[in-house]
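Engineer: Dropping in input-v1.txt, which is compact mmCIF, N, CA and C atoms:
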```txt
# COMPACT_ATOMS: atom_id res chain seq x y z
N LYS A 1210 -47.58 -22.17 27.14
CA LYS A 1210 -48.57 -22.13 28.20
C LYS A 1210 -49.95 -21.92 27.59
N ASP A 1211 -50.95 -22.60 28.10
CA ASP A 1211 -52.34 -22.49 27.64
C ASP A 1211 -52.47 -22.70 26.13
N GLY A 1212 -51.66 -23.62 25.57
CA GLY A 1212 -51.78 -23.94 24.16
C GLY A 1212 -51.11 -22.93 23.23
N ILE A 1213 -50.47 -21.89 23.77
CA ILE A 1213 -49.81 -20.89 22.94
C ILE A 1213 -48.35 -21.29 22.79
N VAL A 1214 -47.89 -21.37 21.55
CA VAL A 1214 -46.49 -21.71 21.29
C VAL A 1214 -45.71 -20.40 21.23
N THR A 1215 -44.68 -20.33 22.04
CA THR A 1215 -43.86 -19.12 22.04
C THR A 1215 -42.44 -19.47 21.64
N GLU A 1216 -41.79 -18.54 20.98
CA GLU A 1216 -40.39 -18.71 20.61
C GLU A 1216 -39.57 -17.78 21.47
N GLY A 1217 -38.30 -18.11 21.63
CA GLY A 1217 -37.39 -17.23 22.36
C GLY A 1217 -37.21 -15.93 21.61
N ILE A 1218 -36.98 -14.87 22.35
CA ILE A 1218 -36.80 -13.55 21.74
C ILE A 1218 -35.62 -13.53 20.78
N ASP A 1219 -34.58 -14.36 21.08
CA ASP A 1219 -33.41 -14.40 20.21
C ASP A 1219 -33.74 -14.88 18.81
N SER A 1220 -34.68 -15.81 18.70
CA SER A 1220 -35.02 -16.32 17.37
C SER A 1220 -36.10 -15.47 16.69
N LEU A 1221 -36.85 -14.72 17.45
CA LEU A 1221 -37.93 -13.91 16.89
C LEU A 1221 -37.44 -12.56 16.37
N LEU A 1222 -36.47 -11.96 17.05
CA LEU A 1222 -36.01 -10.63 16.64
C LEU A 1222 -35.44 -10.59 15.22
N PRO A 1223 -34.58 -11.52 14.82
CA PRO A 1223 -34.10 -11.47 13.44
C PRO A 1223 -35.23 -11.59 12.41
N GLN A 1224 -36.25 -12.38 12.73
CA GLN A 1224 -37.39 -12.52 11.82
C GLN A 1224 -38.16 -11.20 11.71
N LEU A 1225 -38.36 -10.54 12.85
CA LEU A 1225 -39.05 -9.24 12.83
C LEU A 1225 -38.24 -8.20 12.08
N ALA A 1226 -36.94 -8.17 12.33
CA ALA A 1226 -36.07 -7.22 11.63
C ALA A 1226 -36.12 -7.44 10.13
N ALA A 1227 -36.05 -8.71 9.70
CA ALA A 1227 -36.11 -9.02 8.27
C ALA A 1227 -37.45 -8.58 7.68
N TYR A 1228 -38.53 -8.83 8.40
CA TYR A 1228 -39.87 -8.45 7.94
C TYR A 1228 -39.96 -6.94 7.70
N PHE A 1229 -39.38 -6.16 8.63
CA PHE A 1229 -39.45 -4.70 8.52
C PHE A 1229 -38.29 -4.11 7.72
N GLY A 1230 -37.41 -4.96 7.21
CA GLY A 1230 -36.30 -4.48 6.39
C GLY A 1230 -35.30 -3.65 7.15
N THR A 1231 -34.99 -4.05 8.38
CA THR A 1231 -34.04 -3.31 9.21
C THR A 1231 -33.16 -4.31 9.95
N SER A 1232 -32.28 -3.81 10.80
CA SER A 1232 -31.43 -4.69 11.60
C SER A 1232 -32.04 -4.86 12.98
N VAL A 1233 -31.59 -5.87 13.70
CA VAL A 1233 -32.06 -6.09 15.06
C VAL A 1233 -31.70 -4.90 15.94
N ASP A 1234 -30.48 -4.38 15.77
CA ASP A 1234 -30.06 -3.20 16.55
C ASP A 1234 -31.00 -2.02 16.31
N ASP A 1235 -31.30 -1.76 15.04
CA ASP A 1235 -32.18 -0.64 14.73
C ASP A 1235 -33.58 -0.87 15.27
N LEU A 1236 -34.01 -2.12 15.22
CA LEU A 1236 -35.34 -2.47 15.74
C LEU A 1236 -35.41 -2.20 17.25
N LEU A 1237 -34.37 -2.59 17.96
CA LEU A 1237 -34.35 -2.39 19.42
C LEU A 1237 -34.14 -0.93 19.81
N ARG A 1238 -33.29 -0.24 19.06
CA ARG A 1238 -32.98 1.16 19.38
C ARG A 1238 -33.96 2.15 18.75
N GLY A 1239 -34.68 1.71 17.75
CA GLY A 1239 -35.60 2.63 17.08
C GLY A 1239 -34.87 3.59 16.16
N THR A 1240 -33.66 3.23 15.73
CA THR A 1240 -32.90 4.08 14.82
C THR A 1240 -32.58 3.30 13.57
N ALA A 1241 -32.23 4.01 12.55
CA ALA A 1241 -31.82 3.36 11.31
C ALA A 1241 -30.69 4.16 10.70
N ALA A 1242 -29.87 3.47 9.92
CA ALA A 1242 -28.80 4.16 9.22
C ALA A 1242 -29.43 5.15 8.24
N PRO A 1243 -28.82 6.32 8.09
CA PRO A 1243 -29.39 7.29 7.16
C PRO A 1243 -29.38 6.74 5.73
N PRO A 1244 -30.43 7.02 4.96
CA PRO A 1244 -30.48 6.51 3.59
C PRO A 1244 -29.40 7.17 2.74
N ALA A 1245 -29.00 6.49 1.67
CA ALA A 1245 -28.00 7.05 0.76
C ALA A 1245 -28.56 8.30 0.12
N GLN A 1246 -27.70 9.30 0.00
CA GLN A 1246 -28.09 10.55 -0.64
C GLN A 1246 -26.88 11.18 -1.32
N LEU A 1247 -27.15 11.97 -2.32
CA LEU A 1247 -26.10 12.69 -3.03
C LEU A 1247 -26.05 14.11 -2.51
N VAL A 1248 -24.92 14.50 -1.96
CA VAL A 1248 -24.75 15.83 -1.40
C VAL A 1248 -24.15 16.73 -2.48
N PRO A 1249 -24.77 17.90 -2.72
CA PRO A 1249 -24.22 18.82 -3.72
C PRO A 1249 -22.77 19.20 -3.38
N GLU A 1250 -21.97 19.44 -4.41
CA GLU A 1250 -20.53 19.66 -4.24
C GLU A 1250 -20.19 20.74 -3.21
N GLY A 1251 -20.89 21.83 -3.18
CA GLY A 1251 -20.60 22.92 -2.25
C GLY A 1251 -20.98 22.63 -0.81
N GLU A 1252 -21.74 21.56 -0.58
CA GLU A 1252 -22.22 21.24 0.78
C GLU A 1252 -21.54 20.00 1.38
N ARG A 1253 -20.60 19.42 0.67
CA ARG A 1253 -19.96 18.18 1.12
C ARG A 1253 -18.96 18.43 2.24
N LYS A 1254 -18.89 17.46 3.16
CA LYS A 1254 -17.87 17.48 4.20
C LYS A 1254 -16.54 17.05 3.59
N ASP A 1255 -15.47 17.45 4.23
CA ASP A 1255 -14.15 16.98 3.84
C ASP A 1255 -14.12 15.47 4.03
N ILE A 1256 -13.79 14.73 2.98
CA ILE A 1256 -13.79 13.27 3.06
C ILE A 1256 -12.88 12.75 4.17
N ASN A 1257 -11.83 13.50 4.49
CA ASN A 1257 -10.90 13.08 5.53
C ASN A 1257 -11.49 13.22 6.93
N LYS A 1258 -12.65 13.85 7.04
CA LYS A 1258 -13.33 14.00 8.33
C LYS A 1258 -14.57 13.11 8.43
N MET A 1259 -14.71 12.23 7.46
CA MET A 1259 -15.88 11.34 7.43
C MET A 1259 -15.51 9.97 7.98
N MET A 1260 -16.54 9.19 8.34
CA MET A 1260 -16.34 7.86 8.91
C MET A 1260 -17.03 6.80 8.06
N LEU A 1261 -16.34 5.69 7.85
CA LEU A 1261 -16.92 4.51 7.24
C LEU A 1261 -17.35 3.62 8.40
N LYS A 1262 -18.62 3.23 8.41
CA LYS A 1262 -19.15 2.38 9.47
C LYS A 1262 -19.64 1.07 8.87
N VAL A 1263 -19.20 -0.03 9.46
CA VAL A 1263 -19.58 -1.35 9.00
C VAL A 1263 -20.18 -2.10 10.18
N ASN A 1264 -21.40 -2.59 10.01
CA ASN A 1264 -22.06 -3.40 11.03
C ASN A 1264 -22.26 -4.80 10.49
N VAL A 1265 -21.85 -5.79 11.27
CA VAL A 1265 -22.03 -7.19 10.89
C VAL A 1265 -22.90 -7.84 11.95
N LEU A 1266 -23.93 -8.52 11.52
CA LEU A 1266 -24.80 -9.29 12.41
C LEU A 1266 -24.78 -10.72 11.88
N SER A 1267 -24.09 -11.61 12.61
CA SER A 1267 -23.96 -12.98 12.11
C SER A 1267 -25.10 -13.84 12.61
N VAL A 1268 -25.33 -14.92 11.89
CA VAL A 1268 -26.38 -15.85 12.30
C VAL A 1268 -26.02 -16.56 13.60
N LYS A 1269 -24.76 -16.55 13.95
CA LYS A 1269 -24.31 -17.16 15.20
C LYS A 1269 -24.53 -16.22 16.39
N GLY A 1270 -24.99 -15.01 16.11
CA GLY A 1270 -25.24 -14.06 17.19
C GLY A 1270 -24.13 -13.05 17.39
N ASP A 1271 -23.05 -13.14 16.62
CA ASP A 1271 -21.97 -12.16 16.72
C ASP A 1271 -22.44 -10.81 16.19
N LYS A 1272 -22.03 -9.75 16.87
CA LYS A 1272 -22.27 -8.39 16.40
C LYS A 1272 -20.92 -7.70 16.32
N VAL A 1273 -20.59 -7.22 15.14
CA VAL A 1273 -19.32 -6.54 14.93
C VAL A 1273 -19.62 -5.16 14.39
N LYS A 1274 -19.02 -4.15 15.01
CA LYS A 1274 -19.17 -2.78 14.53
C LYS A 1274 -17.77 -2.22 14.30
N VAL A 1275 -17.54 -1.76 13.08
CA VAL A 1275 -16.24 -1.19 12.71
C VAL A 1275 -16.48 0.26 12.32
N ASN A 1276 -15.71 1.16 12.91
CA ASN A 1276 -15.78 2.58 12.57
C ASN A 1276 -14.38 3.01 12.14
N LEU A 1277 -14.25 3.36 10.86
CA LEU A 1277 -12.95 3.75 10.33
C LEU A 1277 -13.02 5.14 9.71
N PRO A 1278 -12.05 5.99 10.03
CA PRO A 1278 -11.98 7.28 9.34
C PRO A 1278 -11.75 7.03 7.84
N MET A 1279 -12.41 7.79 7.00
CA MET A 1279 -12.24 7.62 5.55
C MET A 1279 -10.79 7.86 5.14
N ALA A 1280 -10.07 8.71 5.86
CA ALA A 1280 -8.65 8.93 5.55
C ALA A 1280 -7.88 7.61 5.70
N LEU A 1281 -8.23 6.81 6.70
CA LEU A 1281 -7.59 5.51 6.91
C LEU A 1281 -8.00 4.53 5.82
N VAL A 1282 -9.24 4.59 5.39
CA VAL A 1282 -9.71 3.72 4.30
C VAL A 1282 -8.91 4.03 3.03
N LYS A 1283 -8.75 5.31 2.72
CA LYS A 1283 -7.97 5.70 1.53
C LYS A 1283 -6.55 5.16 1.62
N THR A 1284 -5.92 5.32 2.77
CA THR A 1284 -4.55 4.84 2.96
C THR A 1284 -4.51 3.31 2.86
N GLY A 1285 -5.49 2.65 3.47
CA GLY A 1285 -5.55 1.19 3.41
C GLY A 1285 -5.67 0.67 1.99
N LEU A 1286 -6.46 1.35 1.17
CA LEU A 1286 -6.61 0.93 -0.23
C LEU A 1286 -5.29 1.08 -0.98
N GLU A 1287 -4.53 2.10 -0.65
CA GLU A 1287 -3.24 2.31 -1.31
C GLU A 1287 -2.27 1.17 -1.03
N ILE A 1288 -2.43 0.51 0.13
CA ILE A 1288 -1.52 -0.60 0.47
C ILE A 1288 -2.17 -1.97 0.25
N GLY A 1289 -3.38 -1.99 -0.33
CA GLY A 1289 -4.01 -3.25 -0.70
C GLY A 1289 -4.97 -3.84 0.31
N LEU A 1290 -5.48 -3.05 1.26
CA LEU A 1290 -6.45 -3.54 2.24
C LEU A 1290 -7.75 -3.91 1.55
N THR A 1291 -8.34 -5.03 1.99
CA THR A 1291 -9.66 -5.43 1.52
C THR A 1291 -10.52 -5.74 2.74
N MET A 1292 -11.82 -5.84 2.55
CA MET A 1292 -12.72 -6.17 3.66
C MET A 1292 -12.49 -7.59 4.14
N GLU A 1293 -11.92 -8.45 3.29
CA GLU A 1293 -11.65 -9.83 3.70
C GLU A 1293 -10.73 -9.86 4.91
N GLY A 1294 -9.86 -8.90 5.01
CA GLY A 1294 -8.92 -8.85 6.12
C GLY A 1294 -9.55 -8.38 7.41
N MET A 1295 -10.81 -8.00 7.39
CA MET A 1295 -11.46 -7.44 8.58
C MET A 1295 -12.28 -8.45 9.35
N GLY A 1296 -12.26 -9.68 8.98
CA GLY A 1296 -13.02 -10.67 9.74
C GLY A 1296 -13.31 -11.90 8.91
N ASN A 1297 -13.81 -12.91 9.56
CA ASN A 1297 -14.08 -14.17 8.91
C ASN A 1297 -15.56 -14.30 8.53
N TYR A 1298 -16.11 -13.26 7.93
CA TYR A 1298 -17.52 -13.26 7.55
C TYR A 1298 -17.61 -13.23 6.02
N GLU A 1299 -18.29 -14.21 5.47
CA GLU A 1299 -18.41 -14.34 4.02
C GLU A 1299 -18.99 -13.07 3.39
N ALA A 1300 -19.96 -12.45 4.06
CA ALA A 1300 -20.61 -11.26 3.50
C ALA A 1300 -19.64 -10.09 3.34
N LEU A 1301 -18.61 -10.01 4.17
CA LEU A 1301 -17.63 -8.93 4.04
C LEU A 1301 -16.84 -9.03 2.75
N LYS A 1302 -16.69 -10.23 2.24
CA LYS A 1302 -15.90 -10.43 1.02
C LYS A 1302 -16.57 -9.78 -0.19
N ASN A 1303 -17.86 -9.49 -0.10
CA ASN A 1303 -18.58 -8.88 -1.21
C ASN A 1303 -18.58 -7.36 -1.17
N VAL A 1304 -17.95 -6.78 -0.17
CA VAL A 1304 -17.93 -5.32 -0.04
C VAL A 1304 -16.68 -4.78 -0.71
N ASP A 1305 -16.85 -3.89 -1.68
CA ASP A 1305 -15.76 -3.33 -2.46
C ASP A 1305 -15.42 -1.94 -1.92
N LEU A 1306 -14.36 -1.85 -1.13
CA LEU A 1306 -13.97 -0.56 -0.53
C LEU A 1306 -13.63 0.49 -1.56
N GLU A 1307 -13.02 0.08 -2.65
CA GLU A 1307 -12.64 1.04 -3.69
C GLU A 1307 -13.89 1.70 -4.31
N SER A 1308 -14.93 0.91 -4.56
CA SER A 1308 -16.17 1.47 -5.11
C SER A 1308 -16.84 2.39 -4.10
N ILE A 1309 -16.80 2.02 -2.84
CA ILE A 1309 -17.38 2.87 -1.80
C ILE A 1309 -16.64 4.20 -1.74
N LEU A 1310 -15.31 4.16 -1.79
CA LEU A 1310 -14.53 5.39 -1.78
C LEU A 1310 -14.88 6.28 -2.97
N ARG A 1311 -15.02 5.68 -4.15
CA ARG A 1311 -15.39 6.47 -5.35
C ARG A 1311 -16.76 7.12 -5.18
N LEU A 1312 -17.72 6.39 -4.61
CA LEU A 1312 -19.04 6.96 -4.37
C LEU A 1312 -18.96 8.16 -3.43
N VAL A 1313 -18.22 7.99 -2.34
CA VAL A 1313 -18.10 9.06 -1.34
C VAL A 1313 -17.41 10.27 -1.96
N GLU A 1314 -16.40 10.04 -2.77
CA GLU A 1314 -15.71 11.15 -3.44
C GLU A 1314 -16.65 11.91 -4.38
N GLN A 1315 -17.69 11.23 -4.88
CA GLN A 1315 -18.67 11.88 -5.75
C GLN A 1315 -19.81 12.52 -4.96
N GLY A 1316 -19.77 12.39 -3.61
CA GLY A 1316 -20.76 13.06 -2.78
C GLY A 1316 -21.87 12.17 -2.25
N VAL A 1317 -21.75 10.85 -2.40
CA VAL A 1317 -22.78 9.94 -1.89
C VAL A 1317 -22.44 9.60 -0.44
N ILE A 1318 -23.42 9.77 0.45
CA ILE A 1318 -23.24 9.42 1.86
C ILE A 1318 -24.48 8.65 2.33
N GLY A 1319 -24.43 8.15 3.56
CA GLY A 1319 -25.55 7.40 4.12
C GLY A 1319 -25.30 5.91 3.99
N LYS A 1320 -26.37 5.13 4.02
CA LYS A 1320 -26.26 3.68 3.92
C LYS A 1320 -26.00 3.31 2.46
N LEU A 1321 -24.80 2.80 2.20
CA LEU A 1321 -24.38 2.53 0.83
C LEU A 1321 -24.54 1.08 0.43
N VAL A 1322 -24.40 0.17 1.39
CA VAL A 1322 -24.42 -1.25 1.06
C VAL A 1322 -25.13 -2.02 2.16
N GLU A 1323 -25.93 -3.00 1.78
CA GLU A 1323 -26.44 -3.99 2.71
C GLU A 1323 -26.34 -5.33 1.99
N VAL A 1324 -25.60 -6.25 2.61
CA VAL A 1324 -25.36 -7.55 2.01
C VAL A 1324 -25.81 -8.62 2.99
N GLU A 1325 -26.51 -9.63 2.48
CA GLU A 1325 -26.82 -10.80 3.29
C GLU A 1325 -26.22 -12.01 2.59
N SER A 1326 -25.33 -12.70 3.30
CA SER A 1326 -24.67 -13.86 2.72
C SER A 1326 -25.63 -15.05 2.67
N ALA A 1327 -25.24 -16.07 1.94
CA ALA A 1327 -26.04 -17.29 1.87
C ALA A 1327 -26.18 -17.94 3.24
N GLU A 1328 -25.17 -17.70 4.11
CA GLU A 1328 -25.21 -18.24 5.47
C GLU A 1328 -26.14 -17.44 6.38
N GLY A 1329 -26.53 -16.25 5.94
CA GLY A 1329 -27.44 -15.42 6.74
C GLY A 1329 -26.78 -14.28 7.47
N ASP A 1330 -25.44 -14.11 7.32
CA ASP A 1330 -24.77 -12.96 7.93
C ASP A 1330 -25.23 -11.69 7.21
N ILE A 1331 -25.44 -10.63 7.96
CA ILE A 1331 -25.86 -9.36 7.38
C ILE A 1331 -24.77 -8.32 7.62
N VAL A 1332 -24.40 -7.61 6.56
CA VAL A 1332 -23.42 -6.55 6.64
C VAL A 1332 -24.04 -5.27 6.11
N GLU A 1333 -23.93 -4.20 6.89
CA GLU A 1333 -24.39 -2.88 6.48
C GLU A 1333 -23.18 -1.96 6.45
N VAL A 1334 -23.07 -1.16 5.39
CA VAL A 1334 -21.98 -0.20 5.26
C VAL A 1334 -22.57 1.16 5.02
N PHE A 1335 -22.17 2.13 5.84
CA PHE A 1335 -22.60 3.49 5.59
C PHE A 1335 -21.51 4.48 5.93
N VAL A 1336 -21.62 5.67 5.37
CA VAL A 1336 -20.62 6.72 5.55
C VAL A 1336 -21.31 7.96 6.07
N GLU A 1337 -20.69 8.55 7.10
CA GLU A 1337 -21.21 9.80 7.69
C GLU A 1337 -20.13 10.84 7.68
```
In structure tokens, how does this file's structure come out?

Structural biologist:
Amino acid sequence: KDGIVTEGIDSLLPQLAAYFGTSVDDLLRGTAAPPAQLVPEGERKDINKMMLKVNVLSVKGDKVKVNLPMALVKTGLEIGLTMEGMGNYEALKNVDLESILRLVEQGVIGKLVEVESAEGDIVEVFVE
């Protein structure tokens, strides 16, 4: 209208999120995953009471949120579970659950991984 070219909000939000280095959800909610931090040994939560959270934002508009107790992640690794089994998203294949578990066992929590596939799918992994 009046010579101004406008884009749909659906196509503009991912561009804004990328510009600000955040996700569309965080942009809309005004929240962000906590940054990765190393918790001193005496202040760590029991790993069995922690949660692994995985957010997938696909270029097709799919939003997937997975919340898994770390106790289940540990058990899943013992039987050979991989992120590939959690969905048909190329970016999930690059997430190494075993490395994440080792980091958490050493006291690292918060946003541990952010992967963007060549197709444009974005995966965020954090532990609380």

Engineer: Let me make sure I understand: among A:Leu1321, A:Ser1326, A:Val1313, A:Val1336, which one has the smallest atom-to-atom distance to Leu1277 (chain A) if we use only C-alpha atoms?

Structural biologist: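 Looking at the shortest contact to Leu1277 (chain A), the residue is A:Val1336.
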
Engineer: What does the distance between CA of Asn1264 (chain A) and CA of Phe1335 (chain A) come to in Å, to one decimal place?

Structural biologist: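 Separation of CA of Asn1264 (chain A) and CA of Phe1335 (chain A): 8.8 Å.
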
Engineer: Just give me the gap between CA of Val1273 (chain A) and CA of Asp1255 (chain A) in Å, one decimal is fine.

Structural biologist: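 It comes out at 26.5 Å.
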
Engineer: What does the distance between atom C of Glu1323 (chain A) and atom N of Glu1250 (chain A) come to in Å, to one decimal place?

Structural biologist: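 It comes out at 26.0 Å.
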
Engineer: Near region 1286-1290 of chain A, counting only C-alpha atoms, which residues have an atom at most 10 Å away, once you skip same-chain residues fewer than 5 positions from it, shown as a list in words?

Structural biologist: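 Surrounding residues, per the criterion: Leu1281, Met1295, Leu1306, Glu1307 and Leu1310 of chain A.
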
Engineer: Can you sort out the box for region 1261-1265 of chain A, edges along x, y and z, all listed atoms in, 5 Å on every side, with centre and edge lengths in Å to one decimal, as JSON?

Structural biologist:
```
{"center_x": -19.6, "center_y": -1.1, "center_z": 9.6, "size_x": 16.6, "size_y": 23.5, "size_z": 14.7}
```

Engineer: Using only N, CA and C atoms, which of the listed residues (A:Ile1331, A:Val1263, A:Gln1315, A:Asn1257) sits closest to Pro1278 (chain A)?

Structural biologist: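 Using only N, CA and C atoms, Pro1278 (chain A) sits closest to A:Asn1257.
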
Engineer: With distances taken over only N, CA and C atoms, which of A:Leu1261, A:Leu1221, A:Ile1309, A:Val1317 is nearest to Pro1249 (chain A)?

Structural biologist: A:Val1317

Engineer: How would region 1276-1286 of chain A read, as a short mmCIF file (atom, residue, chain, number, x, y, z; two decimals), in the frame of the given file, once all heavy atoms are built in?

Structural biologist:
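Written out: out.cif:
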```
data_model
loop_
_atom_site.label_atom_id
_atom_site.label_comp_id
_atom_site.auth_asym_id
_atom_site.auth_seq_id
_atom_site.Cartn_x
_atom_site.Cartn_y
_atom_site.Cartn_z
N ASN A 1276 -15.71 1.16 12.91
CA ASN A 1276 -15.78 2.58 12.57
C ASN A 1276 -14.38 3.01 12.14
O ASN A 1276 -13.46 3.00 12.94
CB ASN A 1276 -16.23 3.41 13.78
CG ASN A 1276 -17.62 3.04 14.23
OD1 ASN A 1276 -18.55 3.06 13.45
ND2 ASN A 1276 -17.75 2.69 15.49
N LEU A 1277 -14.25 3.36 10.86
CA LEU A 1277 -12.95 3.75 10.33
C LEU A 1277 -13.02 5.14 9.71
O LEU A 1277 -13.92 5.42 8.93
CB LEU A 1277 -12.52 2.78 9.22
CG LEU A 1277 -12.27 1.33 9.61
CD1 LEU A 1277 -12.05 0.49 8.36
CD2 LEU A 1277 -11.08 1.24 10.53
N PRO A 1278 -12.05 5.99 10.03
CA PRO A 1278 -11.98 7.28 9.34
C PRO A 1278 -11.75 7.03 7.84
O PRO A 1278 -10.97 6.14 7.47
CB PRO A 1278 -10.78 7.98 9.97
CG PRO A 1278 -10.55 7.26 11.27
CD PRO A 1278 -11.02 5.86 11.05
N MET A 1279 -12.41 7.79 7.00
CA MET A 1279 -12.24 7.62 5.55
C MET A 1279 -10.79 7.86 5.14
O MET A 1279 -10.32 7.24 4.18
CB MET A 1279 -13.19 8.56 4.78
CG MET A 1279 -14.63 8.10 4.77
SD MET A 1279 -14.90 6.44 4.09
CE MET A 1279 -14.40 6.65 2.39
N ALA A 1280 -10.07 8.71 5.86
CA ALA A 1280 -8.65 8.93 5.55
C ALA A 1280 -7.88 7.61 5.70
O ALA A 1280 -7.00 7.30 4.89
CB ALA A 1280 -8.06 9.99 6.47
N LEU A 1281 -8.23 6.81 6.70
CA LEU A 1281 -7.59 5.51 6.91
C LEU A 1281 -8.00 4.53 5.82
O LEU A 1281 -7.18 3.72 5.35
CB LEU A 1281 -7.95 4.96 8.29
CG LEU A 1281 -7.30 3.65 8.69
CD1 LEU A 1281 -5.78 3.79 8.72
CD2 LEU A 1281 -7.80 3.22 10.06
N VAL A 1282 -9.24 4.59 5.39
CA VAL A 1282 -9.71 3.72 4.30
C VAL A 1282 -8.91 4.03 3.03
O VAL A 1282 -8.45 3.11 2.34
CB VAL A 1282 -11.23 3.90 4.05
CG1 VAL A 1282 -11.68 3.15 2.80
CG2 VAL A 1282 -12.02 3.44 5.28
N LYS A 1283 -8.75 5.31 2.72
CA LYS A 1283 -7.97 5.70 1.53
C LYS A 1283 -6.55 5.16 1.62
O LYS A 1283 -6.04 4.59 0.66
CB LYS A 1283 -7.95 7.23 1.39
CG LYS A 1283 -9.26 7.81 0.91
CD LYS A 1283 -9.36 9.31 0.94
CE LYS A 1283 -8.17 10.08 0.52
NZ LYS A 1283 -8.38 11.54 0.52
N THR A 1284 -5.92 5.32 2.77
CA THR A 1284 -4.55 4.84 2.96
C THR A 1284 -4.51 3.31 2.86
O THR A 1284 -3.61 2.75 2.23
CB THR A 1284 -4.00 5.30 4.32
OG1 THR A 1284 -4.05 6.73 4.37
CG2 THR A 1284 -2.58 4.83 4.53
N GLY A 1285 -5.49 2.65 3.47
CA GLY A 1285 -5.55 1.19 3.41
C GLY A 1285 -5.67 0.67 1.99
O GLY A 1285 -5.03 -0.32 1.63
N LEU A 1286 -6.46 1.35 1.17
CA LEU A 1286 -6.61 0.93 -0.23
C LEU A 1286 -5.29 1.08 -0.98
O LEU A 1286 -4.97 0.27 -1.85
CB LEU A 1286 -7.71 1.73 -0.91
CG LEU A 1286 -9.13 1.29 -0.55
CD1 LEU A 1286 -10.14 2.30 -1.06
CD2 LEU A 1286 -9.42 -0.10 -1.09
#
```
